[in-house]
file coords.csv (CSV, C-alpha atoms)
chain,number,residue,atom,x,y,z
A,175,MET,CA,56.6,140.1,121.3
A,176,LEU,CA,55.3,136.7,122.3
A,177,VAL,CA,56.8,136.9,125.8
A,178,LYS,CA,55.3,140.4,126.2
A,179,LYS,CA,51.8,139.1,125.2
A,180,LYS,CA,52.1,136.2,127.7
A,181,LEU,CA,53.2,138.5,130.5
A,182,ASN,CA,50.3,140.9,129.8
A,183,LYS,CA,47.9,138.0,129.9
A,184,ILE,CA,49.3,136.8,133.2
A,185,LEU,CA,49.1,140.3,134.7
A,186,LYS,CA,45.5,140.6,133.4
A,187,ASN,CA,44.5,137.3,135.1
A,188,ILE,CA,46.1,138.3,138.4
A,189,GLY,CA,44.3,141.7,138.2
A,190,ALA,CA,41.0,140.0,137.6
A,191,LYS,CA,41.5,137.7,140.6
A,192,ILE,CA,42.4,140.6,142.9
A,193,TYR,CA,39.4,142.6,141.6
A,194,ARG,CA,37.1,139.5,142.2
A,195,ILE,CA,38.3,139.2,145.8
A,196,ALA,CA,37.7,142.9,146.4
A,197,PHE,CA,34.3,142.6,144.9
A,198,LEU,CA,33.3,139.6,147.0
A,199,THR,CA,34.6,141.4,150.1
A,200,ALA,CA,32.5,144.5,149.4
A,201,ALA,CA,29.4,142.4,148.6
A,202,THR,CA,29.8,140.4,151.8
A,203,PHE,CA,30.8,142.9,154.4
A,204,LEU,CA,29.4,146.3,153.2
A,205,PRO,CA,25.7,147.1,153.7
A,206,VAL,CA,23.3,146.7,150.7
A,207,LYS,CA,22.3,149.9,149.0
A,208,LYS,CA,18.5,149.5,149.0
A,209,ASN,CA,16.8,150.5,145.8
A,210,LEU,CA,20.1,151.0,143.9
A,211,VAL,CA,19.7,149.9,140.3
A,212,MET,CA,22.7,149.6,138.0
A,213,PHE,CA,22.0,149.7,134.2
A,214,GLU,CA,24.2,148.6,131.4
A,215,SER,CA,23.7,148.3,127.6
A,216,PHE,CA,26.0,146.5,125.2
A,217,TYR,CA,28.9,146.2,127.7
A,218,GLY,CA,28.6,149.8,128.7
A,219,ARG,CA,29.1,151.2,125.2
A,220,THR,CA,25.7,152.8,124.7
A,221,TYR,CA,22.7,154.5,126.2
A,222,SER,CA,20.1,152.3,124.4
A,223,CYS,CA,17.9,149.3,124.1
A,224,ASN,CA,15.7,147.8,126.8
A,225,PRO,CA,17.8,149.1,129.8
A,226,ARG,CA,17.3,152.6,128.5
A,227,ALA,CA,13.5,152.2,128.2
A,228,ILE,CA,13.3,150.8,131.7
A,229,TYR,CA,15.6,153.5,133.1
A,230,GLU,CA,13.5,156.3,131.5
A,231,TYR,CA,10.3,154.8,132.9
A,232,MET,CA,11.7,154.5,136.4
A,233,LYS,CA,13.3,157.9,136.3
A,234,LYS,CA,9.8,159.3,135.7
A,235,HIS,CA,7.7,157.1,137.8
A,236,CYS,CA,9.9,155.6,140.6
A,237,PRO,CA,11.4,158.5,142.5
A,238,ASN,CA,12.5,156.3,145.4
A,239,TYR,CA,15.0,154.4,143.4
A,240,HIS,CA,18.7,155.4,142.8
A,241,LEU,CA,19.5,154.8,139.1
A,242,PHE,CA,23.1,154.7,137.7
A,243,TRP,CA,24.6,153.5,134.5
A,244,SER,CA,27.7,151.3,134.1
A,245,VAL,CA,29.7,152.9,131.3
A,246,ASP,CA,32.8,152.0,129.3
A,247,LYS,CA,35.4,154.8,129.5
A,248,ARG,CA,35.2,155.3,125.7
A,249,ALA,CA,31.5,156.1,126.0
A,250,GLU,CA,31.7,158.6,128.9
A,251,ASN,CA,31.3,161.8,126.9
A,252,TYR,CA,27.7,161.0,125.9
A,253,PHE,CA,26.7,160.4,129.5
A,254,LEU,CA,28.5,163.5,130.6
A,255,GLU,CA,27.0,165.8,128.0
A,256,ASN,CA,23.5,164.5,128.6
A,257,HIS,CA,23.7,164.6,132.4
A,258,ILE,CA,23.0,160.9,132.8
A,259,PRO,CA,24.3,159.5,136.1
A,260,TYR,CA,27.0,156.9,135.5
A,261,ILE,CA,30.0,155.1,136.9
A,262,LYS,CA,33.0,154.1,134.9
A,263,ARG,CA,33.0,150.4,134.3
A,264,PHE,CA,35.6,148.4,136.4
A,265,SER,CA,36.6,151.5,138.4
A,266,PHE,CA,36.8,151.3,142.2
A,267,LYS,CA,33.5,153.2,142.6
A,268,TRP,CA,31.9,150.8,140.1
A,269,LEU,CA,33.1,147.8,142.3
A,270,LEU,CA,31.5,149.3,145.3
A,271,TYR,CA,28.2,150.2,143.6
A,272,MET,CA,27.8,146.9,141.7
A,273,ALA,CA,28.7,144.8,144.8
A,274,ARG,CA,26.1,146.6,146.9
A,275,ALA,CA,23.3,147.2,144.3
A,276,GLU,CA,20.0,145.6,144.8
A,277,TYR,CA,19.4,145.3,141.1
A,278,TRP,CA,21.4,144.9,137.9
A,279,VAL,CA,19.7,145.6,134.6
A,280,THR,CA,21.6,144.7,131.4
A,281,ASN,CA,21.0,143.5,127.8
A,282,SER,CA,24.2,141.5,127.4
A,283,ARG,CA,26.3,139.2,129.5
A,284,MET,CA,28.4,140.2,132.5
A,285,PRO,CA,32.1,139.2,132.8
A,286,LEU,CA,32.3,135.6,133.8
A,287,TRP,CA,34.7,136.3,136.7
A,288,LEU,CA,32.1,138.8,138.2
A,289,PRO,CA,30.1,137.0,141.0
A,290,LYS,CA,26.5,138.0,141.6
A,291,PRO,CA,25.9,139.0,145.2
A,292,LYS,CA,23.2,137.1,147.1
A,293,HIS,CA,21.3,140.3,147.7
A,294,THR,CA,21.3,141.4,144.0
A,295,LYS,CA,18.5,140.6,141.5
A,296,TYR,CA,20.0,140.3,138.0
A,297,VAL,CA,17.5,141.4,135.3
A,298,GLN,CA,18.6,140.3,131.9
A,299,THR,CA,16.6,142.1,129.2
A,300,TRP,CA,18.4,140.5,126.2
A,301,HIS,CA,18.5,142.4,122.9
A,302,GLY,CA,16.3,141.0,120.2
A,303,THR,CA,13.8,138.4,119.0
A,304,PRO,CA,15.9,135.6,117.6
A,305,LEU,CA,16.0,134.6,114.0
A,306,LYS,CA,19.6,133.2,114.1
A,307,LYS,CA,20.4,130.3,116.5
A,308,LEU,CA,21.5,131.2,120.0
A,309,ALA,CA,23.7,129.7,122.7
A,310,LEU,CA,23.0,126.0,123.2
A,311,ASP,CA,21.0,125.8,119.9
A,312,MET,CA,24.1,126.7,117.9
A,313,ARG,CA,25.7,123.7,116.1
A,314,GLU,CA,29.1,125.3,115.8
A,315,VAL,CA,30.6,128.5,117.1
A,316,HIS,CA,32.9,130.4,114.6
A,317,MET,CA,33.7,133.4,116.8
A,318,PRO,CA,37.3,134.4,117.6
A,319,GLY,CA,38.8,133.5,121.0
A,320,THR,CA,36.6,130.6,121.8
A,321,ASP,CA,35.2,127.2,120.6
A,322,THR,CA,31.8,125.7,120.6
A,323,GLU,CA,32.1,123.8,123.9
A,324,ARG,CA,33.7,126.7,125.8
A,325,TYR,CA,31.2,129.3,124.3
A,326,LYS,CA,28.2,127.2,125.5
A,327,ARG,CA,29.7,126.4,128.9
A,328,ASN,CA,30.4,130.1,129.5
A,329,PHE,CA,27.0,131.2,128.3
A,330,ILE,CA,25.2,128.9,130.7
A,331,LYS,CA,27.5,130.0,133.6
A,332,ASP,CA,26.3,133.6,133.1
A,333,SER,CA,22.6,132.7,132.4
A,334,SER,CA,22.5,130.7,135.7
A,335,LYS,CA,22.9,134.0,137.5
A,336,TRP,CA,19.9,135.7,135.9
A,337,ASP,CA,16.9,136.2,138.2
A,338,TYR,CA,14.6,137.6,135.5
A,339,LEU,CA,14.6,137.5,131.7
A,340,ILE,CA,12.5,139.8,129.5
A,341,SER,CA,10.8,138.3,126.5
A,342,PRO,CA,9.0,140.1,123.7
A,343,ASN,CA,6.6,137.3,122.7
A,344,ALA,CA,5.7,133.6,123.2
A,345,TYR,CA,8.0,132.5,120.3
A,346,SER,CA,11.0,134.1,122.1
A,347,THR,CA,10.1,132.7,125.5
A,348,GLU,CA,10.2,129.1,124.2
A,349,ILE,CA,13.6,129.6,122.5
A,350,PHE,CA,15.1,131.5,125.5
A,351,ARG,CA,14.1,128.7,127.9
A,352,ARG,CA,15.9,126.1,125.8
A,353,ALA,CA,18.8,128.0,124.3
A,354,PHE,CA,19.8,129.7,127.6
A,355,GLN,CA,18.8,126.8,129.9
A,356,PHE,CA,17.0,129.4,131.9
A,357,ARG,CA,14.9,128.2,134.8
A,358,ASN,CA,13.9,131.4,136.6
A,359,LYS,CA,11.2,134.0,135.9
A,360,ILE,CA,10.6,135.1,132.3
A,361,ILE,CA,8.5,138.2,131.9
A,362,GLU,CA,6.7,138.0,128.6
A,363,SER,CA,5.9,141.7,128.3
A,364,GLY,CA,6.8,142.9,124.8
A,365,TYR,CA,10.1,144.8,124.5
A,366,PRO,CA,10.5,148.0,126.5
A,367,ARG,CA,12.8,149.4,123.8
A,368,ASN,CA,9.8,149.3,121.4
A,369,ASP,CA,7.6,151.6,123.6
A,370,PHE,CA,9.2,154.6,121.8
A,371,LEU,CA,7.8,153.3,118.4
A,372,TYR,CA,4.3,153.7,119.8
A,373,ASN,CA,4.8,156.9,121.7
A,374,TYR,CA,7.0,159.2,119.5
A,375,LYS,CA,5.7,162.4,118.0
A,376,GLN,CA,6.2,164.0,114.6
A,377,GLU,CA,8.3,166.7,116.3
A,378,ASP,CA,10.7,163.9,117.4
A,379,VAL,CA,11.1,162.9,113.8
A,380,GLU,CA,11.9,166.4,112.6
A,381,GLU,CA,14.3,167.0,115.5
A,382,ILE,CA,16.2,163.7,114.9
A,383,LYS,CA,16.6,164.5,111.2
A,384,ARG,CA,17.8,168.0,111.9
A,385,ASN,CA,20.4,166.7,114.4
A,386,LEU,CA,21.7,164.2,111.8
A,387,ARG,CA,21.6,167.0,109.2
A,388,LEU,CA,19.4,165.0,106.9
A,389,PRO,CA,17.2,166.7,104.2
A,390,LEU,CA,13.6,167.0,105.4
A,391,ASP,CA,12.2,166.7,101.8
A,392,LYS,CA,13.6,163.2,101.0
A,393,LYS,CA,12.6,159.7,102.0
A,394,VAL,CA,14.9,157.7,104.2
A,395,ILE,CA,16.3,154.2,103.6
A,396,LEU,CA,17.9,152.6,106.6
A,397,TYR,CA,20.4,149.8,106.0
A,398,ALA,CA,21.1,147.9,109.2
A,399,PRO,CA,22.9,144.5,108.7
A,400,THR,CA,24.3,142.2,111.4
A,401,TRP,CA,27.9,140.9,111.8
A,402,ARG,CA,29.3,137.7,110.5
A,403,ASP,CA,30.8,135.4,113.1
A,404,ASN,CA,33.7,134.3,110.9
A,405,GLN,CA,34.8,137.7,109.6
A,406,TYR,CA,36.9,139.5,112.2
A,407,TYR,CA,40.1,141.3,113.0
A,408,HIS,CA,40.2,140.1,116.6
A,409,VAL,CA,37.9,139.3,119.5
A,410,GLY,CA,35.1,141.9,119.6
A,411,LYS,CA,36.0,143.6,116.3
A,412,TYR,CA,34.4,142.3,113.2
A,413,LYS,CA,35.0,143.0,109.5
A,414,PHE,CA,32.1,144.0,107.2
A,415,GLN,CA,32.1,144.3,103.4
A,416,LEU,CA,29.5,146.6,102.0
A,417,HIS,CA,27.9,144.6,99.2
A,418,LEU,CA,26.1,147.7,97.8
A,419,ASP,CA,26.8,149.5,94.6
A,420,LEU,CA,26.5,153.0,96.0
A,421,ASP,CA,27.2,154.7,92.7
A,422,LYS,CA,24.2,152.9,91.1
A,423,MET,CA,22.0,153.6,94.1
A,424,GLN,CA,22.9,157.3,94.2
A,425,LYS,CA,22.3,157.7,90.4
A,426,THR,CA,18.9,156.0,90.5
A,427,LEU,CA,17.6,156.9,93.9
A,428,GLY,CA,19.4,160.1,94.9
A,429,GLU,CA,16.7,162.5,93.8
A,430,ASP,CA,14.1,161.1,96.2
A,431,TYR,CA,16.0,159.2,98.9
A,432,VAL,CA,18.9,159.3,101.3
A,433,LEU,CA,20.6,156.1,102.6
A,434,LEU,CA,21.6,155.6,106.2
A,435,LEU,CA,24.3,153.0,107.1
A,436,ARG,CA,23.9,151.6,110.5
A,437,MET,CA,26.6,149.0,111.3
A,438,HIS,CA,26.3,146.5,114.2
A,439,TYR,CA,28.2,147.8,117.3
A,440,LEU,CA,30.7,144.9,116.9
A,441,VAL,CA,31.7,145.9,113.4
A,442,ALA,CA,34.9,147.9,113.2
A,443,GLU,CA,34.6,149.3,109.7
A,444,SER,CA,34.6,152.9,108.8
A,445,PHE,CA,33.5,153.7,105.3
A,446,ASP,CA,34.8,156.4,102.9
A,447,LEU,CA,31.7,158.1,101.8
A,448,LYS,CA,33.1,161.4,100.5
A,449,ASN,CA,31.9,160.6,97.0
A,450,TYR,CA,28.3,160.2,98.2
A,451,GLU,CA,27.9,163.3,100.3
A,452,GLY,CA,24.3,164.3,100.6
A,453,PHE,CA,23.1,160.8,99.8
A,454,VAL,CA,24.8,158.3,102.1
A,455,PHE,CA,25.1,159.0,105.8
A,456,ASP,CA,27.0,156.8,108.3
A,457,VAL,CA,24.8,156.8,111.4
A,458,SER,CA,26.6,153.9,113.2
A,459,GLN,CA,27.5,156.2,116.1
A,460,VAL,CA,23.9,157.2,116.9
A,461,GLN,CA,23.3,155.9,120.5
A,462,ASP,CA,20.0,154.2,120.0
A,463,ILE,CA,18.7,152.7,116.7
A,464,ARG,CA,15.1,153.6,117.8
A,465,GLU,CA,15.7,157.1,116.5
A,466,LEU,CA,16.7,155.8,113.1
A,467,TYR,CA,13.6,153.5,112.9
A,468,VAL,CA,11.1,156.4,113.3
A,469,ILE,CA,12.7,158.6,110.7
A,470,SER,CA,13.1,155.8,108.1
A,471,ASP,CA,10.5,155.1,105.4
A,472,LEU,CA,11.9,151.6,104.8
A,473,LEU,CA,14.4,149.2,106.3
A,474,ILE,CA,17.0,147.0,104.5
A,475,THR,CA,18.5,144.3,106.7
A,476,ASP,CA,19.6,140.7,106.6
A,477,TYR,CA,19.6,138.4,109.6
A,478,SER,CA,19.6,141.1,112.3
A,479,SER,CA,16.8,141.1,114.8
A,480,VAL,CA,16.1,144.8,113.9
A,481,PHE,CA,13.3,143.7,111.6
A,482,PHE,CA,11.3,142.3,114.4
A,483,ASP,CA,11.3,145.8,116.1
A,484,TYR,CA,10.9,147.8,112.9
A,485,ALA,CA,7.8,145.7,112.0
A,486,ASN,CA,6.0,147.6,114.8
A,487,LEU,CA,5.9,150.6,112.6
A,488,LYS,CA,4.2,148.7,109.7
A,489,ARG,CA,6.6,150.0,107.1
A,490,PRO,CA,8.3,148.1,104.3
A,491,ILE,CA,11.2,145.8,104.9
A,492,LEU,CA,13.7,144.4,102.4
A,493,PHE,CA,16.0,141.5,103.2
A,494,TYR,CA,19.4,141.7,101.5
A,495,VAL,CA,20.6,138.1,101.9
A,496,TYR,CA,23.4,137.7,99.3
A,497,ASP,CA,25.1,135.1,101.6
A,498,ILE,CA,22.1,133.3,103.0
A,499,LYS,CA,23.3,129.8,102.2
A,500,GLU,CA,26.5,130.2,104.1
A,501,TYR,CA,24.9,132.1,107.0
A,502,ARG,CA,22.0,129.6,107.3
A,503,ASP,CA,23.9,126.3,106.7
A,504,VAL,CA,27.3,127.1,108.1
A,505,LEU,CA,27.5,130.1,110.5
A,506,ARG,CA,24.3,130.1,112.5
A,507,GLY,CA,21.1,128.5,111.2
A,508,PHE,CA,17.7,130.0,111.6
A,509,TYR,CA,14.7,129.3,113.9
A,510,PHE,CA,12.2,129.7,111.1
A,511,ASN,CA,12.1,129.7,107.3
A,512,ILE,CA,12.9,133.3,106.4
A,513,GLU,CA,12.5,132.5,102.7
A,514,LYS,CA,8.8,131.6,103.3
A,515,GLU,CA,7.8,133.6,106.4
A,516,SER,CA,9.6,136.9,106.1
A,517,PRO,CA,7.5,140.1,106.3
A,518,GLY,CA,9.1,141.4,103.2
A,519,PRO,CA,10.9,140.3,100.0
A,520,LEU,CA,14.4,138.7,99.9
A,521,VAL,CA,16.8,140.4,97.5
A,522,TYR,CA,20.3,139.3,96.4
A,523,SER,CA,21.7,142.3,94.4
A,524,THR,CA,21.8,146.1,94.3
A,525,GLU,CA,19.7,146.0,91.1
A,526,GLU,CA,17.0,144.0,92.9
A,527,ILE,CA,17.1,146.5,95.8
A,528,ILE,CA,16.6,149.4,93.5
A,529,ASP,CA,13.7,147.7,91.7
A,530,LYS,CA,11.9,146.9,95.0
A,531,ILE,CA,12.4,150.4,96.3
A,532,ASN,CA,10.9,151.8,93.1
A,533,GLU,CA,8.0,149.4,93.6
A,534,ILE,CA,7.5,150.5,97.2
A,535,GLY,CA,7.5,154.1,96.1
A,536,SER,CA,4.6,153.6,93.8
A,537,GLN,CA,1.1,154.9,94.8
A,538,ASN,CA,-0.5,151.5,94.7
A,539,TYR,CA,2.0,149.7,96.9
A,540,LYS,CA,0.7,147.6,99.8
A,541,LEU,CA,2.6,145.6,102.3
A,542,PRO,CA,2.7,141.8,101.5
A,543,GLU,CA,0.1,139.5,103.0
A,544,SER,CA,2.9,137.8,105.0
A,545,PHE,CA,3.4,141.1,106.9
A,546,GLU,CA,0.2,140.9,108.9
A,547,ARG,CA,0.8,137.2,109.9
A,548,PHE,CA,4.3,138.2,111.0
A,549,TYR,CA,3.0,141.1,113.0
A,550,GLN,CA,0.4,139.0,114.8
A,551,THR,CA,3.1,136.4,115.7
A,552,PHE,CA,5.9,138.7,116.9
A,553,CYS,CA,4.5,142.1,117.7
A,554,TYR,CA,1.2,141.3,119.3
A,555,LEU,CA,2.3,142.4,122.8
A,556,GLU,CA,3.7,145.7,121.8
A,557,ASP,CA,1.6,148.7,122.8
A,558,GLY,CA,3.9,151.3,124.3
A,559,ASN,CA,3.6,150.0,127.8
A,560,ALA,CA,6.2,147.2,128.0
A,561,ALA,CA,8.5,149.1,130.4
A,562,LYS,CA,5.6,149.7,132.7
A,563,ARG,CA,4.8,146.0,132.8
A,564,VAL,CA,8.4,145.1,133.5
A,565,VAL,CA,8.8,147.6,136.3
A,566,GLN,CA,5.5,146.6,138.0
A,567,GLU,CA,6.6,143.0,137.9
A,568,ILE,CA,10.1,143.5,139.3
A,569,PHE,CA,10.3,146.8,141.2
A,570,ASN,CA,6.8,147.4,142.7
call {"tool": "encode", "arguments": {"input": "coords.csv", "output": "structure tokens"}}
result
Amino acid sequence: MLVKKKLNKILKNIGAKIYRIAFLTAATFLPVKKNLVMFESFYGRTYSCNPRAIYEYMKKHCPNYHLFWSVDKRAENYFLENHIPYIKRFSFKWLLYMARAEYWVTNSRMPLWLPKPKHTKYVQTWHGTPLKKLALDMREVHMPGTDTERYKRNFIKDSSKWDYLISPNAYSTEIFRRAFQFRNKIIESGYPRNDFLYNYKQEDVEEIKRNLRLPLDKKVILYAPTWRDNQYYHVGKYKFQLHLDLDKMQKTLGEDYVLLLRMHYLVAESFDLKNYEGFVFDVSQVQDIRELYVISDLLITDYSSVFFDYANLKRPILFYVYDIKEYRDVLRGFYFNIEKESPGPLVYSTEEIIDKINEIGSQNYKLPESFERFYQTFCYLEDGNAAKRVVQEIFN
């Protein structure tokens, strides 16, 4: 078994070297495809986030551009069914298109072995306002398959290829500059992915609920936690233990609410929810979390950047931080004091969650004073036109 693993690794490395040579050859000797834009979101796994918002704006307003998505083979069905032009990641056609493209637009890193052609402008949108420490700001890295020194070295190797970096606010710009050692153009525009939160209609809400088979007469709780660096099966697949008493939540909240579980795309868990039918829904496979934001009456999260986006809706947020000491002091560390500056209360048990939800459901409930301060710090650029600003800066 060990010999077989080593052989597979050797063959994989050889294949990557051959592919790289072919890529460089195509990038050097084949003509540039002017106005060709290649989009990718979360390593080709989804049609979502900032690349989606930029793509949809360009599709509507930039008819002279040729727009294609880079897609992991496991995600092809969605693009096929929705008639979204795509190319299978790492296929021969993908090699030719990526090598000749004038623009790459992605929200995650590209493979380290993939060179950026001189004629290509690499637009890195990233995927969140940072709470937890990033890249060079991390003291230690606990992820599988790497160590602290290698992780930071590889990160900087990729960020040095970026021509543009999108930032949602001044706070993020300062962190991105330092943590990514980024020296090129930062476009401080607000996040394109949040445009939808300002432009959606009530008909969109009803359609999304119907598609997910949710009751229209109940309020919606969205639980969207992040992953833990040190809890994993293997590289790229993380464990997650659901620290919620679903029996108690169903008994006390089931008459008025439904609970949506949205796991991070790196989490491999699939939960057995047959005892909670009609109350708990696993919505982890929904392509874009923006659809879940607009149908939710309140958000429960932890250290995920989702709360920065959700705050644009000015709806209640709870922070379920049962392991905050380990996450803050061992795994990542935070950029600001969430215990003092969060836009909603911190809770540590299912009982506290239920109490706070009942409080939120009362007629006299108001968002805490900290919410408005938070909004003015992190959401002040958001107005539904971030994608337009990005496109005008880069493509026009």
call {"tool": "closest_atom_pairs", "arguments": {"input": "coords.csv", "of": "region 253-334 of chain A", "to": "region 194-201 of chain A", "cutoff": "10 Å", "atoms": "all atoms listed in the file", "output": "tab-separated table"}}
result
residue	atom	partner	partner_atom	distance
A:Phe266	CA	A:Ala196	CA	9.4
A:Trp268	CA	A:Phe197	CA	9.8
A:Leu269	CA	A:Phe197	CA	5.9
A:Leu270	CA	A:Ala200	CA	6.4
A:Tyr271	CA	A:Ala200	CA	9.2
A:Met272	CA	A:Ala201	CA	8.4
A:Ala273	CA	A:Ala201	CA	4.5
A:Arg274	CA	A:Ala201	CA	5.6
A:Ala275	CA	A:Ala201	CA	8.9
A:Trp287	CA	A:Arg194	CA	6.8
A:Leu288	CA	A:Arg194	CA	6.4
A:Pro289	CA	A:Leu198	CA	7.3
A:Lys290	CA	A:Ala201	CA	8.8
A:Pro291	CA	A:Ala201	CA	5.9
A:Lys292	CA	A:Ala201	CA	8.3
A:His293	CA	A:Ala201	CA	8.4
A:Thr294	CA	A:Ala201	CA	9.4
call {"tool": "atom_distance", "arguments": {"input": "coords.csv", "atom1": "CA of Pro519 (chain A)", "atom2": "CA of Thr426 (chain A)"}}
result
20.0 Å
call {"tool": "residues_around", "arguments": {"input": "coords.csv", "residues": "Glu513 (chain A)", "least_positions_apart": "4", "cutoff": "10 Å", "atoms": "all atoms listed in the file", "output": "VMD selection string"}}
result
chain A and resid 493 495 498 517 to 520
call {"tool": "atom_distance", "arguments": {"input": "coords.csv", "atom1": "CA of Tyr522 (chain A)", "atom2": "CA of Tyr496 (chain A)"}}
result
4.5 Å
call {"tool": "closest_atom_pairs", "arguments": {"input": "coords.csv", "of": "region 448-467 of chain A", "to": "region 473-485 of chain A", "cutoff": "12 Å", "atoms": "all atoms listed in the file", "output": "CSV"}}
result
residue,atom,partner,partner_atom,distance
A:Asp462,CA,A:Val480,CA,11.9
A:Ile463,CA,A:Val480,CA,8.8
A:Arg464,CA,A:Tyr484,CA,8.7
A:Glu465,CA,A:Tyr484,CA,11.1
A:Leu466,CA,A:Leu473,CA,9.8
A:Tyr467,CA,A:Tyr484,CA,6.3
call {"tool": "write_last_selection", "arguments": {"input": "coords.csv", "atoms": "C-alpha atoms", "output": "compact mmCIF listing (two decimals), keeping the file's coordinate frame"}}
result
# COMPACT_ATOMS: atom_id res chain seq x y z
CA ASP A 462 20.00 154.20 120.00
CA ILE A 463 18.70 152.70 116.70
CA ARG A 464 15.10 153.60 117.80
CA GLU A 465 15.70 157.10 116.50
CA LEU A 466 16.70 155.80 113.10
CA TYR A 467 13.60 153.50 112.90
call {"tool": "decode", "arguments": {"input": "coords.csv", "residues": "region 314-376 of chain A", "atoms": "C-alpha atoms", "output": "mmCIF file, in the first residue's frame"}}
result
data_model
loop_
_atom_site.group_PDB
_atom_site.id
_atom_site.type_symbol
_atom_site.label_atom_id
_atom_site.label_comp_id
_atom_site.auth_asym_id
_atom_site.auth_seq_id
_atom_site.Cartn_x
_atom_site.Cartn_y
_atom_site.Cartn_z
ATOM 1 C CA GLU A 314 0.806 28.656 13.608
ATOM 2 C CA VAL A 315 -0.881 26.609 10.894
ATOM 3 C CA HIS A 316 -2.757 23.473 11.996
ATOM 4 C CA MET A 317 -4.064 22.351 8.599
ATOM 5 C CA PRO A 318 -3.260 18.887 7.215
ATOM 6 C CA GLY A 319 -0.613 18.428 4.547
ATOM 7 C CA THR A 320 1.443 21.520 5.385
ATOM 8 C CA ASP A 321 3.274 23.381 8.134
ATOM 9 C CA THR A 322 3.448 27.040 9.107
ATOM 10 C CA GLU A 323 6.530 27.946 7.069
ATOM 11 C CA ARG A 324 5.434 26.108 3.918
ATOM 12 C CA TYR A 325 1.853 27.430 4.118
ATOM 13 C CA LYS A 326 3.039 31.043 4.300
ATOM 14 C CA ARG A 327 5.648 30.585 1.595
ATOM 15 C CA ASN A 328 3.113 29.028 -0.786
ATOM 16 C CA PHE A 329 0.525 31.688 -0.053
ATOM 17 C CA ILE A 330 2.905 34.505 -0.937
ATOM 18 C CA LYS A 331 3.971 32.666 -4.082
ATOM 19 C CA ASP A 332 0.364 32.809 -5.299
ATOM 20 C CA SER A 333 -0.460 36.329 -4.083
ATOM 21 C CA SER A 334 2.580 37.669 -5.948
ATOM 22 C CA LYS A 335 0.766 36.744 -9.182
ATOM 23 C CA TRP A 336 -2.346 38.819 -8.397
ATOM 24 C CA ASP A 337 -2.787 42.019 -10.394
ATOM 25 C CA TYR A 338 -5.942 43.174 -8.600
ATOM 26 C CA LEU A 339 -7.431 42.401 -5.193
ATOM 27 C CA ILE A 340 -11.013 43.298 -4.238
ATOM 28 C CA SER A 341 -11.610 44.692 -0.752
ATOM 29 C CA PRO A 342 -14.984 45.230 0.960
ATOM 30 C CA ASN A 343 -13.816 48.038 3.285
ATOM 31 C CA ALA A 344 -10.817 49.980 4.621
ATOM 32 C CA TYR A 345 -10.406 47.557 7.538
ATOM 33 C CA SER A 346 -9.911 44.640 5.101
ATOM 34 C CA THR A 347 -7.601 46.636 2.846
ATOM 35 C CA GLU A 348 -5.130 47.194 5.673
ATOM 36 C CA ILE A 349 -5.162 43.505 6.647
ATOM 37 C CA PHE A 350 -4.931 42.224 3.073
ATOM 38 C CA ARG A 351 -1.910 44.430 2.316
ATOM 39 C CA ARG A 352 0.000 43.036 5.276
ATOM 40 C CA ALA A 353 -1.234 39.447 5.526
ATOM 41 C CA PHE A 354 -0.945 38.742 1.776
ATOM 42 C CA GLN A 355 2.152 40.936 1.231
ATOM 43 C CA PHE A 356 0.204 42.386 -1.677
ATOM 44 C CA ARG A 357 1.811 45.281 -3.550
ATOM 45 C CA ASN A 358 -0.462 45.745 -6.562
ATOM 46 C CA LYS A 359 -3.861 47.423 -7.015
ATOM 47 C CA ILE A 360 -6.509 46.993 -4.302
ATOM 48 C CA ILE A 361 -10.011 48.008 -5.370
ATOM 49 C CA GLU A 362 -11.879 49.079 -2.240
ATOM 50 C CA SER A 363 -15.378 48.752 -3.650
ATOM 51 C CA GLY A 364 -17.565 46.815 -1.243
ATOM 52 C CA TYR A 365 -18.144 43.162 -2.084
ATOM 53 C CA PRO A 366 -19.874 42.379 -5.398
ATOM 54 C CA ARG A 367 -21.458 39.292 -3.826
ATOM 55 C CA ASN A 368 -23.429 41.569 -1.484
ATOM 56 C CA ASP A 369 -25.116 43.477 -4.320
ATOM 57 C CA PHE A 370 -27.859 40.856 -4.280
ATOM 58 C CA LEU A 371 -28.674 41.719 -0.649
ATOM 59 C CA TYR A 372 -29.646 45.213 -1.794
ATOM 60 C CA ASN A 373 -31.314 44.307 -5.083
ATOM 61 C CA TYR A 374 -33.399 41.188 -4.335
ATOM 62 C CA LYS A 375 -37.213 41.243 -4.445
ATOM 63 C CA GLN A 376 -39.852 39.569 -2.304
#
